[in-house]
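Below: upload-v6.cif (mmCIF, C-alpha atoms)
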data_query
#
loop_
_atom_site.label_atom_id
_atom_site.label_comp_id
_atom_site.auth_asym_id
_atom_site.auth_seq_id
_atom_site.Cartn_x
_atom_site.Cartn_y
_atom_site.Cartn_z
CA MET A 11 139.50 125.09 80.09
CA SER A 12 141.25 128.25 81.10
CA THR A 13 144.31 129.91 79.70
CA VAL A 14 147.04 132.15 81.00
CA HIS A 15 148.76 134.98 79.20
CA THR A 16 152.40 134.18 78.54
CA ASP A 17 155.23 136.40 77.38
CA ILE A 18 158.75 135.43 76.48
CA VAL A 19 160.87 138.55 76.68
CA THR A 20 164.49 139.06 75.64
CA PRO A 21 166.60 142.21 75.37
CA ALA A 22 165.79 142.21 71.66
CA GLY A 23 162.06 142.43 72.32
CA LYS A 24 159.14 140.09 72.84
CA VAL A 25 159.72 136.74 71.22
CA TYR A 26 156.42 135.19 72.14
CA GLU A 27 153.12 136.48 73.35
CA GLY A 28 149.88 134.57 73.67
CA ASP A 29 147.30 132.83 75.79
CA VAL A 30 148.20 129.25 76.46
CA HIS A 31 146.93 126.44 78.58
CA MET A 32 150.18 124.98 79.80
CA VAL A 33 153.80 126.02 79.88
CA CYS A 34 156.46 123.35 80.21
CA VAL A 35 159.95 124.50 81.14
CA ARG A 36 163.06 122.92 82.50
CA SER A 37 164.24 124.76 85.59
CA LYS A 38 167.56 124.21 87.32
CA ASN A 39 165.66 122.01 89.72
CA GLY A 40 163.83 119.90 87.19
CA GLU A 41 160.90 120.03 84.82
CA LEU A 42 158.02 122.32 85.61
CA GLY A 43 154.61 122.19 83.99
CA ILE A 44 152.66 125.31 84.80
CA LEU A 45 148.90 125.56 84.43
CA PRO A 46 146.72 128.64 84.91
CA HIS A 47 146.27 129.83 88.52
CA HIS A 48 149.61 128.49 89.56
CA LEU A 49 151.19 129.70 92.78
CA PRO A 50 153.44 132.75 92.13
CA ILE A 51 156.90 131.38 91.59
CA VAL A 52 160.28 132.44 90.29
CA ALA A 53 162.75 129.85 89.05
CA PRO A 54 165.98 129.97 87.04
CA LEU A 55 165.94 128.00 83.80
CA GLU A 56 168.31 125.67 82.04
CA ILE A 57 169.22 126.12 78.39
CA ALA A 58 166.30 124.09 77.14
CA LEU A 59 163.17 123.86 75.07
CA VAL A 60 160.00 125.54 76.29
CA ARG A 61 156.68 124.06 75.19
CA LEU A 62 153.57 126.18 75.16
CA LYS A 63 150.39 124.17 74.82
CA HIS A 64 147.32 125.84 73.47
CA GLU A 65 143.84 125.34 74.77
CA ASP A 66 142.74 122.79 72.20
CA GLU A 67 145.70 120.53 73.07
CA LYS A 68 146.46 120.20 69.38
CA GLN A 69 148.65 123.15 68.82
CA VAL A 70 151.97 123.45 70.60
CA ASP A 71 154.47 126.25 70.19
CA TYR A 72 158.13 125.52 70.71
CA VAL A 73 160.62 128.13 71.79
CA ALA A 74 164.32 127.59 72.43
CA VAL A 75 165.14 129.52 75.59
CA HIS A 76 168.77 130.08 76.51
CA GLY A 77 168.82 130.30 80.27
CA GLY A 78 167.19 133.09 82.18
CA PHE A 79 164.23 132.46 84.44
CA ILE A 80 160.49 132.08 84.61
CA GLN A 81 158.25 134.31 86.68
CA VAL A 82 154.72 133.21 87.35
CA SER A 83 152.34 135.72 88.87
CA ARG A 84 148.59 135.60 89.43
CA GLU A 85 147.64 136.95 86.03
CA LYS A 86 150.47 136.00 83.74
CA ILE A 87 153.63 134.08 83.07
CA THR A 88 156.80 135.80 81.96
CA ILE A 89 159.95 134.12 80.79
CA LEU A 90 162.96 136.40 80.80
CA SER A 91 166.09 135.32 78.99
CA GLU A 92 169.16 136.68 77.28
CA ALA A 93 168.13 134.93 74.11
CA ALA A 94 165.16 132.96 72.86
CA GLU A 95 163.98 131.87 69.45
CA ARG A 96 160.78 130.40 68.15
CA LYS A 97 161.14 127.20 66.25
CA ALA A 98 160.47 128.90 62.91
CA ASP A 99 163.06 131.62 63.49
CA ILE A 100 166.02 129.36 64.08
CA ASP A 101 168.89 129.68 61.66
CA VAL A 102 169.92 126.04 61.26
CA GLU A 103 173.06 126.75 59.24
CA ARG A 104 174.34 129.15 61.83
CA ALA A 105 173.60 126.76 64.66
CA LYS A 106 175.45 123.98 62.86
CA LYS A 107 178.45 126.20 62.42
CA ALA A 108 178.35 127.29 66.05
CA LYS A 109 178.14 123.68 67.14
CA ALA A 110 181.18 122.67 65.12
CA GLU A 111 183.07 125.63 66.48
CA ALA A 112 182.17 124.86 70.06
CA GLU A 113 183.17 121.24 69.62
CA LYS A 114 186.52 122.27 68.23
CA GLN A 115 187.05 124.59 71.16
CA LEU A 116 186.15 121.90 73.64
CA ASP A 117 188.65 119.52 72.07
CA THR A 118 191.53 121.86 72.69
CA LEU A 119 190.51 122.92 76.18
CA HIS A 120 190.80 121.12 79.44
CA GLU A 121 187.95 121.01 81.91
CA THR A 122 189.74 123.34 84.27
CA SER A 123 190.84 125.89 81.70
CA GLU A 124 189.25 129.26 81.41
CA GLY A 125 187.05 129.14 78.35
CA TYR A 126 185.70 125.66 79.01
CA ALA A 127 182.44 126.65 80.65
CA GLU A 128 181.76 129.20 77.94
CA ALA A 129 182.42 126.71 75.17
CA LEU A 130 180.23 124.15 76.84
CA LYS A 131 177.44 126.68 77.06
CA LYS A 132 177.86 127.50 73.41
CA LEU A 133 177.64 123.84 72.51
CA LYS A 134 174.50 123.46 74.58
CA ARG A 135 172.90 126.42 72.89
CA SER A 136 173.65 125.26 69.40
CA GLU A 137 172.45 121.76 70.19
CA LEU A 138 169.23 123.16 71.59
CA ARG A 139 168.71 125.22 68.45
CA LEU A 140 169.24 122.21 66.22
CA SER A 141 167.02 119.90 68.20
CA THR A 142 164.27 122.51 68.36
CA ALA A 143 164.42 123.13 64.65
CA ALA A 144 164.24 119.41 63.96
CA LEU A 145 161.08 118.88 65.99
CA ASN A 146 157.95 117.56 64.36
CA ASP A 147 154.98 119.85 64.38
CA THR A 148 152.57 117.15 65.43
CA VAL A 149 151.91 116.78 69.10
CA PRO A 150 153.39 113.62 70.54
CA GLU A 151 150.80 111.28 71.97
CA ALA A 152 150.69 111.87 75.67
CA MET B 16 189.76 191.67 48.11
CA PRO B 17 189.42 188.12 46.77
CA SER B 18 188.82 187.80 43.07
CA MET B 19 185.55 186.61 41.62
CA ARG B 20 187.05 183.27 40.76
CA ASP B 21 188.24 182.68 44.31
CA ILE B 22 184.80 183.41 45.68
CA LYS B 23 183.17 181.15 43.13
CA GLU B 24 185.48 178.30 44.13
CA LYS B 25 184.77 178.86 47.77
CA ILE B 26 181.02 178.78 47.15
CA ALA B 27 181.36 175.52 45.25
CA SER B 28 183.40 173.86 48.00
CA THR B 29 181.05 175.03 50.74
CA LYS B 30 178.14 173.64 48.77
CA GLN B 31 179.94 170.31 48.59
CA MET B 32 180.44 170.38 52.32
CA ARG B 33 176.82 171.18 52.93
CA LYS B 34 175.84 168.21 50.83
CA ILE B 35 177.95 165.94 53.01
CA THR B 36 176.73 167.31 56.32
CA LYS B 37 173.13 167.11 55.11
CA ALA B 38 173.63 163.48 54.15
CA MET B 39 175.19 162.74 57.53
CA GLN B 40 172.30 164.43 59.25
CA MET B 41 169.84 162.24 57.42
CA VAL B 42 171.83 159.09 58.13
CA ALA B 43 171.96 160.00 61.81
CA ALA B 44 168.21 160.62 61.81
CA ALA B 45 167.55 157.18 60.33
CA LYS B 46 169.92 155.55 62.81
CA LEU B 47 168.30 157.44 65.64
CA ASN B 48 164.94 155.98 64.68
CA ARG B 49 166.38 152.50 64.77
CA ALA B 50 168.19 153.10 68.04
CA GLN B 51 164.96 154.34 69.59
CA ALA B 52 163.11 151.27 68.36
CA THR B 53 165.74 148.96 69.87
CA ALA B 54 165.68 150.87 73.12
CA HIS B 55 161.91 150.51 73.18
CA ASP B 56 162.11 146.74 72.64
CA TYR B 57 164.63 146.52 75.39
CA SER B 58 162.64 148.54 77.91
CA ALA B 59 159.98 145.82 78.16
CA TYR B 60 162.67 143.38 79.22
CA ALA B 61 164.38 145.83 81.56
CA ASP B 62 161.17 146.79 83.35
CA GLN B 63 160.18 143.19 83.87
CA LEU B 64 163.62 142.24 85.11
CA ARG B 65 163.75 145.20 87.45
CA GLU B 66 160.41 144.27 88.94
CA VAL B 67 161.54 140.75 89.76
CA VAL B 68 164.90 141.82 91.11
CA ALA B 69 163.30 144.49 93.25
CA SER B 70 160.72 142.12 94.68
CA ILE B 71 163.35 139.57 95.59
CA ALA B 72 165.74 142.15 96.93
CA SER B 73 163.06 143.62 99.17
CA THR B 74 162.40 140.27 100.80
CA ILE B 75 166.01 139.40 101.11
CA THR B 76 167.39 142.54 102.72
CA LYS B 77 165.68 141.63 105.96
CA ASP B 78 167.98 138.68 106.22
CA VAL B 79 171.42 140.22 106.06
CA SER B 80 173.36 136.99 106.29
CA SER B 81 172.23 135.78 102.88
CA LYS B 82 173.16 138.92 101.03
CA HIS B 83 174.49 138.31 97.59
CA PRO B 84 177.88 139.96 96.95
CA MET B 85 176.33 142.12 94.25
CA LEU B 86 173.90 143.59 96.76
CA ALA B 87 176.35 144.15 99.58
CA SER B 88 178.47 147.27 99.77
CA ARG B 89 182.00 146.50 100.74
CA PRO B 90 184.81 148.87 101.68
CA VAL B 91 185.78 150.64 98.49
CA LYS B 92 189.40 150.26 97.60
CA LYS B 93 189.02 150.61 93.88
CA THR B 94 186.31 152.37 91.94
CA ALA B 95 185.71 151.67 88.28
CA TYR B 96 184.18 154.16 85.90
CA LEU B 97 182.54 152.81 82.79
CA VAL B 98 182.63 155.70 80.37
CA ILE B 99 180.64 155.44 77.17
CA THR B 100 181.85 157.47 74.21
CA GLU B 101 181.69 156.90 70.47
CA ASN B 102 184.05 156.03 67.68
CA ARG B 103 183.80 158.73 65.10
CA GLY B 104 183.43 162.18 66.56
CA LEU B 105 181.39 164.68 64.53
CA ALA B 106 178.72 164.73 67.19
CA GLY B 107 179.22 168.14 68.73
CA ALA B 108 179.93 168.19 72.45
CA TYR B 109 178.72 164.61 72.93
CA ASP B 110 182.05 163.14 73.97
CA SER B 111 183.62 166.15 75.58
CA THR B 112 180.86 166.53 78.18
CA VAL B 113 181.30 162.95 79.32
CA LEU B 114 185.08 163.06 79.27
CA LYS B 115 185.37 166.39 81.05
CA TYR B 116 182.94 165.30 83.71
CA THR B 117 184.87 162.08 84.31
CA GLN B 118 188.15 163.94 84.46
CA ASN B 119 186.84 166.36 87.08
CA LEU B 120 185.16 163.63 89.06
CA ILE B 121 188.34 161.61 89.27
CA LYS B 122 190.37 164.67 90.19
CA GLU B 123 187.95 165.49 92.98
CA LYS B 124 187.50 162.05 94.45
CA HIS B 125 190.80 160.30 94.10
CA ALA B 126 194.24 161.23 95.27
CA SER B 127 196.23 158.41 93.72
CA GLU B 128 195.97 156.24 90.65
CA ASP B 129 195.54 153.09 92.72
CA GLU B 130 192.04 154.09 93.74
CA TYR B 131 190.33 153.91 90.41
CA VAL B 132 190.31 152.36 86.97
CA VAL B 133 188.63 153.45 83.81
CA ILE B 134 186.64 151.18 81.53
CA VAL B 135 185.88 152.84 78.27
CA THR B 136 183.93 152.19 75.10
CA GLY B 137 184.53 154.09 71.89
CA LYS B 138 187.73 155.24 70.23
CA VAL B 139 187.34 158.86 71.22
CA GLY B 140 187.28 158.07 74.92
CA LEU B 141 190.01 155.46 74.68
CA SER B 142 192.50 157.78 73.04
CA PHE B 143 191.55 160.54 75.48
CA PHE B 144 192.33 158.43 78.53
CA GLU B 145 195.38 156.75 77.09
CA LYS B 146 196.94 160.02 76.07
CA ARG B 147 196.53 161.36 79.58
CA GLY B 148 197.86 158.23 81.22
CA TYR B 149 194.73 157.08 83.02
CA PRO B 150 194.65 153.42 84.07
CA VAL B 151 192.40 151.87 81.42
CA GLU B 152 191.36 148.42 82.59
CA LEU B 153 189.12 147.42 79.71
CA SER B 154 188.04 148.97 76.49
CA LYS B 155 185.76 148.18 73.59
CA THR B 156 185.86 150.10 70.34
CA ASP B 157 183.89 147.86 68.00
CA ILE B 158 180.36 148.65 69.05
CA PRO B 159 178.19 148.72 65.93
CA ASP B 160 175.48 151.30 65.35
CA ALA B 161 172.83 148.60 65.17
CA LEU B 162 173.54 147.23 68.61
CA THR B 163 172.34 143.80 69.70
CA PHE B 164 172.59 142.11 73.06
CA ASP B 165 175.06 139.54 71.73
CA ASP B 166 177.47 142.26 70.64
CA VAL B 167 178.04 143.45 74.16
CA LEU B 168 177.48 140.26 76.12
CA ASP B 169 181.16 139.38 76.33
CA PHE B 170 182.07 142.89 77.31
CA SER B 171 179.50 143.17 80.08
CA LYS B 172 180.46 139.72 81.37
CA LYS B 173 184.06 140.86 81.61
CA VAL B 174 183.10 144.02 83.44
CA ILE B 175 180.98 142.12 85.92
CA SER B 176 183.65 139.51 86.49
CA LEU B 177 186.00 142.31 87.53
CA PHE B 178 183.57 143.04 90.31
CA ASP B 179 183.10 139.38 91.17
CA ASN B 180 186.83 138.84 91.42
CA LYS B 181 187.10 141.84 93.75
CA LYS B 182 189.37 143.69 91.36
CA ILE B 183 186.94 146.56 91.68
CA ASP B 184 184.58 147.37 94.53
CA GLU B 185 182.28 149.83 92.86
CA LEU B 186 181.16 150.36 89.30
CA HIS B 187 179.82 153.63 87.99
CA LEU B 188 178.30 154.22 84.59
CA ILE B 189 178.90 157.60 82.97
CA TYR B 190 177.15 158.32 79.71
CA ASN B 191 174.81 160.62 77.86
CA HIS B 192 171.18 159.83 78.43
CA PHE B 193 168.81 160.31 75.52
CA VAL B 194 166.03 162.70 76.52
CA ASN B 195 164.71 163.62 73.11
CA ALA B 196 166.05 164.33 69.67
CA ILE B 197 167.47 167.69 70.65
CA SER B 198 168.67 167.18 74.18
CA GLN B 199 170.85 164.74 76.04
CA THR B 200 171.78 164.80 79.69
CA LEU B 201 174.77 163.38 81.42
CA VAL B 202 174.09 160.43 83.70
CA ASP B 203 176.36 159.15 86.42
CA LYS B 204 174.93 156.17 88.23
CA GLN B 205 176.24 153.43 90.37
CA LEU B 206 175.62 150.01 88.91
CA LEU B 207 177.45 147.73 91.33
CA PRO B 208 176.85 146.98 94.09
CA LEU B 209 173.14 147.25 93.38
CA THR B 210 171.87 149.71 95.93
CA ASP B 211 168.96 151.51 94.33
CA LEU B 212 166.62 148.57 94.12
CA GLU B 213 164.52 149.00 97.22
CA ASN B 214 163.19 152.43 96.44
CA LYS B 215 159.95 151.28 94.91
CA PRO B 216 158.66 147.83 95.63
CA ALA B 217 156.39 146.89 92.75
CA ALA B 218 153.03 145.21 93.15
CA LYS B 219 153.20 143.15 96.28
CA VAL B 220 153.27 139.54 95.22
CA GLU B 221 154.69 136.88 97.44
CA TYR B 222 156.71 134.68 95.16
CA VAL B 223 157.96 131.24 95.90
CA TYR B 224 161.56 130.92 94.90
CA GLU B 225 162.62 127.67 93.42
CA PRO B 226 164.91 126.25 94.79
CA ASP B 227 165.62 129.24 97.08
CA GLU B 228 166.28 132.98 97.02
CA ASP B 229 170.04 132.73 96.91
CA GLU B 230 169.97 130.39 93.98
CA VAL B 231 167.59 132.62 92.07
CA LEU B 232 169.67 135.71 92.82
CA GLU B 233 172.72 133.85 91.60
CA THR B 234 171.34 133.81 88.05
CA LEU B 235 169.19 136.88 88.29
CA LEU B 236 171.65 139.52 89.40
CA PRO B 237 174.32 138.95 86.73
CA LEU B 238 171.50 138.97 84.16
CA TYR B 239 170.27 142.22 85.61
CA ALA B 240 173.69 143.86 85.68
CA GLU B 241 174.43 142.76 82.12
CA GLY B 242 171.08 144.13 81.09
CA GLN B 243 171.83 147.44 82.73
CA ILE B 244 175.10 147.80 80.85
CA TYR B 245 173.37 146.92 77.59
CA GLY B 246 170.61 149.39 78.39
CA ALA B 247 173.14 152.14 79.07
CA LEU B 248 174.90 151.42 75.79
CA LEU B 249 171.61 151.56 73.90
CA ASP B 250 170.67 154.79 75.58
CA ALA B 251 174.06 156.29 74.81
CA LYS B 252 173.78 155.14 71.21
CA ALA B 253 170.47 156.91 70.76
CA ALA B 254 171.90 160.01 72.40
CA GLU B 255 174.92 159.83 70.10
CA GLN B 256 172.80 159.70 66.97
CA ALA B 257 170.67 162.55 68.24
CA ALA B 258 173.76 164.61 69.05
CA ARG B 259 175.22 163.88 65.65
CA MET B 260 171.99 164.82 63.95
CA THR B 261 171.87 168.14 65.76
CA ALA B 262 175.55 168.83 65.12
CA MET B 263 175.19 168.06 61.44
CA ARG B 264 172.06 170.15 61.15
CA SER B 265 173.80 173.18 62.59
CA ALA B 266 176.78 172.48 60.33
CA SER B 267 174.46 172.50 57.32
CA ASP B 268 172.82 175.69 58.54
CA ASN B 269 176.19 177.32 58.98
CA ALA B 270 177.22 176.23 55.50
CA SER B 271 174.05 177.80 54.07
CA GLU B 272 174.83 181.01 55.89
CA ILE B 273 178.37 181.09 54.56
CA ILE B 274 177.08 180.44 51.06
CA ASP B 275 174.65 183.36 51.33
CA HIS B 276 177.40 185.56 52.57
CA LEU B 277 179.78 184.50 49.83
CA SER B 278 177.12 184.93 47.14
CA LEU B 279 176.64 188.49 48.33
CA SER B 280 180.36 189.22 48.07
CA TYR B 281 180.44 187.51 44.71
CA ASN B 282 177.65 189.70 43.38
CA ARG B 283 179.31 192.79 44.77
CA ALA B 284 182.59 191.85 43.14
CA ARG B 285 180.77 191.20 39.88
CA GLN B 286 179.00 194.53 40.03
CA ALA B 287 182.25 196.30 40.88
CA ALA B 288 183.89 194.67 37.87
CA ILE B 289 181.04 195.74 35.57
CA THR B 290 181.06 199.27 36.92
CA GLN B 291 184.77 199.46 36.45
CA GLU B 292 184.46 198.21 32.89
CA ILE B 293 181.80 200.81 32.07
CA THR B 294 183.86 203.56 33.64
CA GLU B 295 186.81 202.45 31.58
CA ILE B 296 184.79 202.43 28.34
CA VAL B 297 183.23 205.80 29.11
CA GLY B 298 186.63 207.15 30.09
CA GLY B 299 188.15 205.77 26.91
CA ALA B 300 185.36 207.25 24.76
CA ALA B 301 185.75 210.64 26.48
CA ALA B 302 189.46 210.62 25.82
CA LEU B 303 188.86 210.09 22.08
CA GLU B 304 186.57 213.14 21.71
#

Would you encode the structure as structure tokens?
Amino acid sequence: MSTVHTDIVTPAGKVYEGDVHMVCVRSKNGELGILPHHLPIVAPLEIALVRLKHEDEKQVDYVAVHGGFIQVSREKITILSEAAERKADIDVERAKKAKAEAEKQLDTLHETSEGYAEALKKLKRSELRLSTAALNDTVPEA
Amino acid sequence: MPSMRDIKEKIASTKQMRKITKAMQMVAAAKLNRAQATAHDYSAYADQLREVVASIASTITKDVSSKHPMLASRPVKKTAYLVITENRGLAGAYDSTVLKYTQNLIKEKHASEDEYVVIVTGKVGLSFFEKRGYPVELSKTDIPDALTFDDVLDFSKKVISLFDNKKIDELHLIYNHFVNAISQTLVDKQLLPLTDLENKPAAKVEYVYEPDEDEVLETLLPLYAEGQIYGALLDAKAAEQAARMTAMRSASDNASEIIDHLSLSYNRARQAAITQEITEIVGGAAALE
């Protein structure tokens, strides 16, 4: 089985770097599962979990990626995003606080008002952080 | 001629000052290291992003109809200058070069106040422009020394939305670029609309854009512009720390020089006093004989 080198890069530096067998992302258009030797592609991403499967199919790395996009070239895969965190690096307390805050904001705002989209984004981010942190390490039976 | 006590006091106070400037120099050096490290982390992201944007932009410019507003130049009614200064001063000519340059540039290019706005970061720049009555559209004075992307995200979003809403038609960045620890150069570059992308098409790879180019550009270009602003701020931060380090080093050197000078006068005064005393004793003894 072959692998492909994958980087997840944010303005704060490289969050993830490694050779993996499969990268699963959620693009704006739907889920993408990318294997080695994929056609070069660029796609914007949703605020969602990225799964990086290792060669032995046992080990999976989870990274919470907050938007951005994926770029697949012949030799490597790069995910560029404003923010990304590995499962182990997530600050659960902070995410919980952010979630409560965002919910409070959403309660007071109307869908058409100015800060609504921002608050919704914030809620999405905090929810993603929490759900990523709560994941089990074992690989779900496929 | 100042008395010995005066000189002694002066030496003591100059020594105190030297202690402070030395400490500031060392703090700036430490902060410079950190700023350089952050800038290094960021450059990986910036290079990658630039490559993708450039490769998309090069394919898209052939088809003029689908030009994204951030790529298209439109008639310039209002130019915005994003001027990056710092909060504290004590960094030599760091701020004044940027501010003077901006002042001259505006004087040269614009006849009336309706043609430009100023966006400024840092207290020094803000008070400079406000005092002189420049139209300040946006300002940010709470940029920490240890800068992260989240700190400036809101600010850069606001700046870019000014462009999106057609409140401004051009955005220039003016800041000090960090060359190395002892030199900084002034940079004036146009950020929006993005015009300098096509100059070097990176490795030719034909990408498939999912769902299509426009959609990808829609998310990519704001990300790129935000990144550029963050990059400029990081660069300016490193330059600031370097400028402060140099300024504080020369302040410490000057203090040492003054101390040497004062010590010399102190010793002279002391010797003069001793000589005088001896003369007096000798004179007194001679008078008794």

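Considering the residues B:Ser278, B:Ser176, B:Gln63, B:Asn102 and counting only C-alpha atoms, chain A has its shortest atom-to-atom contact with B:Gln63.
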
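Residue-level contact on chain A: within 7 Å of chain B, counting only C-alpha atoms, the set is Val19, Thr20, Pro21, Ala22, Gly23, Asn39, Pro50, Ile51, Val52, Ala53 and Pro54 of chain A.
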
Take the PyMOL selection byres ((chain A and resi 47) around 12), run it mentally on this structure, and tell me the resulting residues as a list in words. Met11, Ser12, Thr13, Val14, His15, His31, Met32, Ile44, Leu45, Pro46, His48, Leu49, Pro50, Ile51, Val82, Ser83, Arg84, Glu85, Lys86 and Ile87 of chain A

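You will find atom CA of Ala43 of chain B at 16.3 Å from atom CA of Asn191 of chain B.
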
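When all atoms listed in the file are used to measure the gap to Met39 of chain B, the shortest distance among B:Ala161, B:Met263, B:Val297, B:Ala288 belongs to B:Met263.
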
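Of the listed residues (A:Ala93, A:Ile18, A:Leu62, A:Leu133), A:Leu133 comes nearest to Asp117 of chain A; the distances count all atoms listed in the file.
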
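With only C-alpha atoms as the atoms that count, the minimum distance from Phe144 of chain B to the choices B:Leu248, B:Ala72, B:Asp169, B:Ile121 is reached by B:Ile121.
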
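If you look at atom CA of Arg89 of chain B and atom CA of Val167 of chain B, they are 27.0 Å away from each other.
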
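With distances taken over all atoms listed in the file, A:Leu130 is the one residue among A:Val60, A:Val33, A:Leu130, A:Leu42 lying closest to Gln115 of chain A.
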
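If you count only C-alpha atoms and ignore residues fewer than 5 places along the chain from Ala253 of chain B, what sits within 7 Å of it is Leu47, Ala50, Gln51 and Phe193 of chain B.
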
Excluding Thr142 of chain A and any residue of its chain fewer than 4 positions from it, enumerate the residues within 9 Å of it, using only C-alpha atoms, and give them as a PyMOL selection string. chain A and resi 59+72-74+96-97+100+137-138+146

I'd like to see the residues matched by the PyMOL selection byres ((chain B and resi 94) around 7) on this file, and ideally I'd get them as a PyMOL selection string. chain B and resi 91-93+95-96+130-132+183-186

Could you save the residues just selected, with C-alpha atoms, as a PDB file, in the frame of the given file?
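again01.pdb was written with the following content:
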ATOM      1  CA  VAL B  91     185.780 150.640  98.490  1.00  0.00           C
ATOM      2  CA  LYS B  92     189.400 150.260  97.600  1.00  0.00           C
ATOM      3  CA  LYS B  93     189.020 150.610  93.880  1.00  0.00           C
ATOM      4  CA  ALA B  95     185.710 151.670  88.280  1.00  0.00           C
ATOM      5  CA  TYR B  96     184.180 154.160  85.900  1.00  0.00           C
ATOM      6  CA  GLU B 130     192.040 154.090  93.740  1.00  0.00           C
ATOM      7  CA  TYR B 131     190.330 153.910  90.410  1.00  0.00           C
ATOM      8  CA  VAL B 132     190.310 152.360  86.970  1.00  0.00           C
ATOM      9  CA  ILE B 183     186.940 146.560  91.680  1.00  0.00           C
ATOM     10  CA  ASP B 184     184.580 147.370  94.530  1.00  0.00           C
ATOM     11  CA  GLU B 185     182.280 149.830  92.860  1.00  0.00           C
ATOM     12  CA  LEU B 186     181.160 150.360  89.300  1.00  0.00           C
TER      13      LEU B 186
END

Could you tell me which residues the PyMOL selection byres ((chain B and resi 173) around 12) grabs in this file, written as a PyMOL selection string? chain B and resi 134+152-155+167-172+174-180+182-183+237+240-241+244

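Of note, atom CA of Arg36 of chain A and atom CA of Asp229 of chain B are spaced 18.8 Å apart.
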
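Minimum atom-to-atom distances from B:Leu188, B:Leu97, B:Leu277, B:Met260 to Leu141 of chain B were compared using only C-alpha atoms, and the lowest value belongs to B:Leu97.
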
Is there a way to get, as a ChimeraX atom specification, all residues within 7 Å of the point (168.3, 135.2, 76.1) in file coordinates, counting all atoms listed in the file? /A:20,75-78,91-94

Can you fill out segment 102-116 of chain A with N, CA and C atoms and hand it back as a tab-separated table (two decimals), keeping the file's coordinate frame?
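Wrote out.tsv, looks like this:
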chain	number	residue	atom	x	y	z
A	102	VAL	N	169.31	127.36	61.07
A	102	VAL	CA	169.92	126.04	61.26
A	102	VAL	C	171.40	126.06	60.85
A	103	GLU	N	171.68	126.72	59.73
A	103	GLU	CA	173.06	126.75	59.24
A	103	GLU	C	173.99	127.35	60.29
A	104	ARG	N	173.52	128.45	60.85
A	104	ARG	CA	174.34	129.15	61.83
A	104	ARG	C	174.56	128.28	63.07
A	105	ALA	N	173.50	127.62	63.48
A	105	ALA	CA	173.60	126.76	64.66
A	105	ALA	C	174.58	125.62	64.42
A	106	LYS	N	174.52	125.08	63.19
A	106	LYS	CA	175.45	123.98	62.86
A	106	LYS	C	176.88	124.46	62.95
A	107	LYS	N	177.10	125.63	62.40
A	107	LYS	CA	178.45	126.20	62.42
A	107	LYS	C	178.91	126.43	63.85
A	108	ALA	N	178.02	126.99	64.65
A	108	ALA	CA	178.35	127.29	66.05
A	108	ALA	C	178.66	126.00	66.80
A	109	LYS	N	177.93	124.95	66.46
A	109	LYS	CA	178.14	123.68	67.14
A	109	LYS	C	179.53	123.14	66.82
A	110	ALA	N	179.86	123.17	65.53
A	110	ALA	CA	181.18	122.67	65.12
A	110	ALA	C	182.28	123.47	65.80
A	111	GLU	N	182.08	124.76	65.85
A	111	GLU	CA	183.07	125.63	66.48
A	111	GLU	C	183.26	125.29	67.95
A	112	ALA	N	182.12	125.14	68.63
A	112	ALA	CA	182.17	124.86	70.06
A	112	ALA	C	182.85	123.52	70.32
A	113	GLU	N	182.55	122.55	69.43
A	113	GLU	CA	183.17	121.24	69.62
A	113	GLU	C	184.68	121.31	69.45
A	114	LYS	N	185.08	122.10	68.47
A	114	LYS	CA	186.52	122.27	68.23
A	114	LYS	C	187.18	122.90	69.45
A	115	GLN	N	186.52	123.90	69.99
A	115	GLN	CA	187.05	124.59	71.16
A	115	GLN	C	187.18	123.63	72.33
A	116	LEU	N	186.16	122.82	72.50
A	116	LEU	CA	186.15	121.90	73.64
A	116	LEU	C	187.27	120.88	73.53
